[in-house]
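Visitor: Sending over data.cif (mmCIF, C-alpha atoms).
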```
data_input
#
loop_
_atom_site.label_atom_id
_atom_site.label_comp_id
_atom_site.auth_asym_id
_atom_site.auth_seq_id
_atom_site.Cartn_x
_atom_site.Cartn_y
_atom_site.Cartn_z
CA MET C 6 170.77 157.07 124.57
CA SER C 7 169.72 153.61 123.37
CA GLY C 8 168.97 150.14 124.63
CA PRO C 9 167.39 149.49 128.07
CA ALA C 10 167.96 153.05 129.32
CA SER C 11 166.15 154.49 126.31
CA ARG C 12 163.23 152.12 126.77
CA ARG C 13 162.98 153.00 130.47
CA ALA C 14 162.94 156.74 129.66
CA LEU C 15 160.26 156.22 127.03
CA GLY C 16 158.25 154.18 129.52
CA LEU C 17 158.39 156.98 132.10
CA VAL C 18 157.21 159.51 129.52
CA LEU C 19 154.29 157.29 128.55
CA VAL C 20 153.32 156.74 132.19
CA ALA C 21 153.41 160.48 132.87
CA ALA C 22 151.31 161.18 129.80
CA THR C 23 148.81 158.51 130.80
CA LEU C 24 148.49 159.90 134.33
CA GLN C 25 148.04 163.44 133.03
CA GLY C 26 145.32 162.27 130.67
CA ALA C 27 143.56 160.35 133.44
CA MET C 28 143.67 163.31 135.84
CA GLY C 29 142.79 165.92 133.28
CA ASP C 30 144.34 169.36 132.99
CA LEU C 31 142.88 172.81 133.35
CA GLU C 32 143.05 173.74 129.67
CA SER C 33 141.17 170.64 128.50
CA CYS C 34 138.67 170.84 131.36
CA LEU C 35 137.85 174.43 130.53
CA LEU C 36 136.91 173.16 127.08
CA ASP C 37 134.90 170.23 128.46
CA PRO C 38 134.26 170.33 132.23
CA SER C 39 131.90 167.37 131.91
CA ALA C 40 134.79 164.99 131.22
CA ALA C 41 135.31 162.38 133.94
CA ALA C 42 139.00 163.32 134.16
CA CYS C 43 137.97 166.76 135.49
CA GLU C 44 136.51 165.44 138.75
CA ASP C 45 139.29 166.68 141.06
CA GLY C 46 138.95 170.45 141.01
CA ASN C 47 141.79 170.97 143.47
CA ALA C 48 144.21 169.32 141.05
CA LEU C 49 142.97 171.49 138.20
CA TYR C 50 142.66 174.78 140.04
CA PRO C 51 145.02 174.92 143.05
CA HIS C 52 144.32 177.04 146.10
CA SER C 53 147.09 179.49 145.23
CA SER C 54 145.39 180.27 141.91
CA ILE C 55 141.99 180.56 143.58
CA ALA C 56 143.39 182.94 146.20
CA SER C 57 144.92 185.09 143.47
CA ASP C 58 141.64 185.25 141.54
CA LEU C 59 139.63 186.05 144.68
CA SER C 60 142.03 188.88 145.51
CA ALA C 61 141.67 190.32 142.02
CA VAL C 62 137.86 190.29 142.09
CA CYS C 63 137.61 191.65 145.63
CA MET C 64 140.09 194.41 144.89
CA SER C 65 137.89 195.67 142.05
CA THR C 66 134.52 195.01 143.74
CA PRO C 67 135.07 195.08 147.52
CA HIS C 68 131.34 195.65 148.11
CA ASN C 69 130.61 192.19 146.67
CA THR C 70 128.85 190.28 149.47
CA GLY C 71 131.03 187.23 148.84
CA CYS C 72 134.04 189.48 149.36
CA SER C 73 132.51 190.58 152.66
CA VAL C 74 132.41 186.93 153.75
CA ARG C 75 136.01 186.48 152.57
CA LYS C 76 137.14 189.52 154.56
CA GLN C 77 135.64 188.13 157.76
CA CYS C 78 137.20 184.73 157.08
CA ILE C 79 140.65 186.27 156.60
CA SER C 80 140.30 188.23 159.85
CA GLY C 81 139.32 185.08 161.73
CA ALA C 82 135.93 186.46 162.74
CA ALA C 83 134.22 183.92 160.46
CA SER C 84 135.19 180.30 160.03
CA GLY C 85 133.87 176.96 158.86
CA PRO C 86 132.91 175.51 155.47
CA PHE C 87 131.93 178.82 153.89
CA CYS C 88 135.49 180.08 154.36
CA GLY C 89 136.80 177.35 152.08
CA HIS C 90 138.35 178.40 148.77
CA TRP C 91 135.65 176.92 146.55
CA SER C 92 132.78 178.20 148.69
CA LEU C 93 134.26 181.70 148.62
CA LEU C 94 134.56 181.46 144.85
CA ALA C 95 130.92 180.42 144.63
CA ALA C 96 129.88 183.36 146.83
CA VAL C 97 132.04 185.96 145.10
CA CYS C 98 131.35 184.83 141.55
CA ALA C 99 127.59 184.55 142.04
CA SER C 100 127.33 188.31 141.63
CA ALA C 101 130.64 189.22 140.02
CA GLY C 102 129.30 188.95 136.49
CA ASP C 103 132.05 188.78 133.91
CA GLU C 104 134.90 189.72 136.26
CA GLU C 105 138.06 188.16 134.87
CA GLY C 106 138.94 186.50 138.18
CA CYS C 107 135.75 184.44 138.00
CA SER C 108 136.18 183.17 134.45
CA THR C 109 137.86 179.89 135.45
CA TYR C 110 135.31 179.11 138.16
CA ASN C 111 132.34 180.04 136.00
CA THR C 112 133.55 177.92 133.09
CA LEU C 113 134.30 174.89 135.27
CA CYS C 114 131.14 175.06 137.37
CA THR C 115 128.51 176.60 135.09
CA PRO C 116 129.41 175.46 131.58
CA PRO C 117 127.72 177.26 128.67
CA GLY C 118 124.41 175.84 127.55
CA GLY C 119 123.55 174.39 130.94
CA ALA C 120 125.82 171.37 130.51
CA ALA C 121 126.71 169.33 133.60
CA THR C 122 130.13 169.60 135.19
CA ALA C 123 132.20 166.74 136.52
CA VAL C 124 134.15 168.98 138.93
CA LYS C 125 133.01 167.71 142.32
CA GLU C 126 133.94 170.86 144.25
CA CYS C 127 131.37 172.86 142.29
CA GLY C 128 128.50 171.05 143.98
CA ALA C 129 130.22 170.11 147.23
CA SER C 130 131.29 173.65 148.19
CA PRO C 131 128.41 176.07 147.56
CA ALA C 132 127.97 179.67 148.63
CA PRO C 133 125.85 180.31 151.74
CA GLN C 134 122.25 179.65 150.84
CA GLY C 135 120.30 182.87 150.36
CA LEU C 136 123.39 185.12 150.31
CA PRO C 137 122.03 188.52 149.22
CA SER C 138 123.67 190.56 146.50
CA ALA C 139 125.24 193.93 147.22
CA GLU C 140 122.42 195.60 145.30
CA GLY C 141 119.83 193.76 147.38
CA ALA C 142 121.58 194.67 150.63
CA TRP C 143 121.85 198.33 149.61
CA GLY C 144 118.16 198.40 148.73
CA ASP C 145 117.17 196.89 152.08
CA LEU C 146 119.44 199.29 153.95
CA GLU C 147 117.92 202.27 152.18
CA LEU C 148 114.44 201.22 153.28
CA LEU C 149 115.57 200.45 156.83
CA CYS C 150 117.46 203.71 157.24
CA ARG C 151 114.55 205.68 155.85
CA GLU C 152 112.38 204.16 158.58
CA MET C 153 114.98 204.47 161.35
CA PRO C 154 117.59 207.06 160.34
CA ASP C 155 119.12 207.22 163.82
CA MET C 156 120.43 203.65 163.72
CA LEU C 157 124.22 203.63 164.03
CA PRO C 158 125.01 202.00 160.65
CA CYS C 159 122.78 204.57 158.96
CA LEU C 160 124.67 207.40 160.64
CA GLU C 161 128.21 206.06 160.33
CA THR C 162 128.70 203.55 157.52
CA CYS C 163 125.90 204.01 155.00
CA THR C 164 125.20 207.67 154.38
CA ALA C 165 124.26 206.67 150.83
CA TYR C 166 123.76 203.33 149.13
CA ASP C 167 126.67 202.72 146.81
CA SER C 168 130.17 201.24 146.91
CA GLU C 169 131.75 204.49 148.09
CA SER C 170 129.35 205.45 150.87
CA CYS C 171 128.37 201.94 151.97
CA PRO C 172 131.39 199.75 151.15
CA ASP C 173 130.32 196.61 153.04
CA PRO C 174 126.55 196.38 152.58
CA LEU C 175 126.24 192.81 153.86
CA LEU C 176 127.93 193.57 157.18
CA SER C 177 126.02 196.84 157.57
CA LEU C 178 122.72 195.11 156.86
CA SER C 179 123.62 192.36 159.32
CA ASN C 180 124.44 194.91 162.02
CA VAL C 181 121.07 196.59 161.57
CA CYS C 182 118.97 193.45 161.34
CA SER C 183 120.61 191.48 164.12
CA ASP C 184 119.95 194.44 166.41
CA HIS C 185 116.46 195.41 165.26
CA TYR C 186 114.68 192.98 162.95
CA MET C 187 112.02 194.50 160.68
CA VAL C 188 110.16 193.56 157.51
CA ASP C 189 112.91 194.97 155.30
CA CYS C 190 115.38 192.54 156.87
CA GLU C 191 113.92 189.69 154.84
CA GLY C 192 116.95 189.66 152.54
CA TRP C 193 119.25 189.18 155.53
CA TRP C 194 116.96 186.56 157.05
CA GLY C 195 116.93 184.75 153.71
CA MET C 196 120.51 183.75 154.49
CA CYS C 197 120.57 183.67 158.28
CA GLN C 198 117.47 181.51 158.68
CA TYR C 199 119.66 178.59 157.62
CA LYS C 200 122.12 179.34 160.45
CA PRO C 201 125.20 179.07 158.21
CA PRO C 202 127.97 177.59 160.37
CA GLY C 203 130.80 179.95 161.22
CA LEU C 204 129.28 183.15 159.80
CA VAL C 205 128.96 184.75 163.23
CA PRO C 206 129.65 188.35 162.09
CA PHE C 207 126.55 188.17 159.89
CA CYS C 208 124.18 185.76 161.61
CA GLY C 209 125.43 185.42 165.16
CA ALA C 210 122.22 186.90 166.56
CA SER C 211 119.88 185.36 164.00
CA VAL C 212 116.92 183.83 165.78
CA ALA C 213 113.29 183.44 164.85
CA ILE C 214 111.75 186.63 166.18
CA GLU C 215 108.60 188.55 165.48
CA VAL C 216 108.93 190.93 162.57
CA GLU C 217 108.08 194.55 163.25
CA GLU C 218 106.11 196.43 160.63
CA GLY C 219 107.92 199.72 161.07
CA GLY C 220 110.37 201.66 163.16
#
```
Produce structure tokens that represent the structure in this file.
Guide:
Amino acid sequence: MSGPASRRALGLVLVAATLQGAMGDLESCLLDPSAAACEDGNALYPHSSIASDLSAVCMSTPHNTGCSVRKQCISGAASGPFCGHWSLLAAVCASAGDEEGCSTYNTLCTPPGGAATAVKECGASPAPQGLPSAEGAWGDLELLCREMPDMLPCLETCTAYDSESCPDPLLSLSNVCSDHYMVDCEGWWGMCQYKPPGLVPFCGASVAIEVEEGG
């Protein structure tokens, strides 16, 4: 091919290359997420890829409190901004450590060395403020169930405080504390005091009430 047709084809290739450079691509943004071209996280990291990574992490660590939020979002019991893909990533990856499914999010949003990121979704779609970790929720449940062992979650869903015996510590803690708020519910209240929109299964009954010192 030569002449005008060849020049047109070359022009299209150059335009495509220019657009790709302006928008950024995932590989280059993982190397330097502070680059201005990395601003649009949805173009870099599409929802289908996020959903796949969330599924992988939550399959291996279903007790993760971010995975508990995701489960309620999928069922339709929870809704709103914290059910968005990037917010769920923030919640799940906050306590997922080095889980492979969080590597892309962690690199884009928390670059090594404390560098800033240009990816706007990292700051615009946070996890629920004060979301407790699974370990924190288990610890609170252990104290609560020691004080009031006859509470239903203590009898039915949390006979011990680990991923096998208490597989959804955030929901179990929420069930206890929304029904009977005590001092050891402070971890739950640390999230629910902000009345996170749409997280009804966890904070639907969260109101400012007097804290009881014991059972």
Visitor: Would you write out, as a ChimeraX atom specification, every residue that the PyMOL selection byres ((chain C and resi 190) around 10) captures in this file?
Guide: /C:142,145-146,148-149,178-179,181-183,185-189,191-195,216-217
Visitor: Hey, can you spit out that residue selection with C-alpha atoms as a PDB file, in the coordinates of the input?
Guide:
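Generated file (selection-v2.pdb):
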```pdb
ATOM      1  CA  ALA C 142     121.580 194.670 150.630  1.00  0.00           C
ATOM      2  CA  ASP C 145     117.170 196.890 152.080  1.00  0.00           C
ATOM      3  CA  LEU C 146     119.440 199.290 153.950  1.00  0.00           C
ATOM      4  CA  LEU C 148     114.440 201.220 153.280  1.00  0.00           C
ATOM      5  CA  LEU C 149     115.570 200.450 156.830  1.00  0.00           C
ATOM      6  CA  LEU C 178     122.720 195.110 156.860  1.00  0.00           C
ATOM      7  CA  SER C 179     123.620 192.360 159.320  1.00  0.00           C
ATOM      8  CA  VAL C 181     121.070 196.590 161.570  1.00  0.00           C
ATOM      9  CA  CYS C 182     118.970 193.450 161.340  1.00  0.00           C
ATOM     10  CA  SER C 183     120.610 191.480 164.120  1.00  0.00           C
ATOM     11  CA  HIS C 185     116.460 195.410 165.260  1.00  0.00           C
ATOM     12  CA  TYR C 186     114.680 192.980 162.950  1.00  0.00           C
ATOM     13  CA  MET C 187     112.020 194.500 160.680  1.00  0.00           C
ATOM     14  CA  VAL C 188     110.160 193.560 157.510  1.00  0.00           C
ATOM     15  CA  ASP C 189     112.910 194.970 155.300  1.00  0.00           C
ATOM     16  CA  GLU C 191     113.920 189.690 154.840  1.00  0.00           C
ATOM     17  CA  GLY C 192     116.950 189.660 152.540  1.00  0.00           C
ATOM     18  CA  TRP C 193     119.250 189.180 155.530  1.00  0.00           C
ATOM     19  CA  TRP C 194     116.960 186.560 157.050  1.00  0.00           C
ATOM     20  CA  GLY C 195     116.930 184.750 153.710  1.00  0.00           C
ATOM     21  CA  VAL C 216     108.930 190.930 162.570  1.00  0.00           C
ATOM     22  CA  GLU C 217     108.080 194.550 163.250  1.00  0.00           C
TER      23      GLU C 217
END
```
Visitor: Nearest to Ser130 in chain C: which of C:Pro86, C:Gly81, C:Pro206, C:Pro174 is it, counting only C-alpha atoms?
Guide: C:Pro86
Visitor: Hey, what's within 12 Å of Ser177 in chain C if we count all atoms listed in the file and toss same-chain stuff fewer than 3 positions away? As an NGL selection string, please?
Guide: :C and (68 or 70 or 73 or 139 or 142-147 or 149-150 or 156-164 or 166 or 170-174 or 180-184 or 190 or 193 or 206-208)
Visitor: For Asp30 in chain C, which of C:Cys88, C:Leu176, C:Val124, C:Cys63 is the closest residue, counting all atoms listed in the file?
Guide: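 Closest residue, counting all atoms listed in the file: C:Val124.
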Visitor: Go ahead and fit an axis-aligned box to every listed atom of range 144-148 of chain C plus 6 Å each side, and pass me the centre and edge lengths in Å, one decimal, as JSON.
Guide:
```
{"center_x": 116.9, "center_y": 199.6, "center_z": 151.3, "size_x": 17.0, "size_y": 17.4, "size_z": 17.2}
```
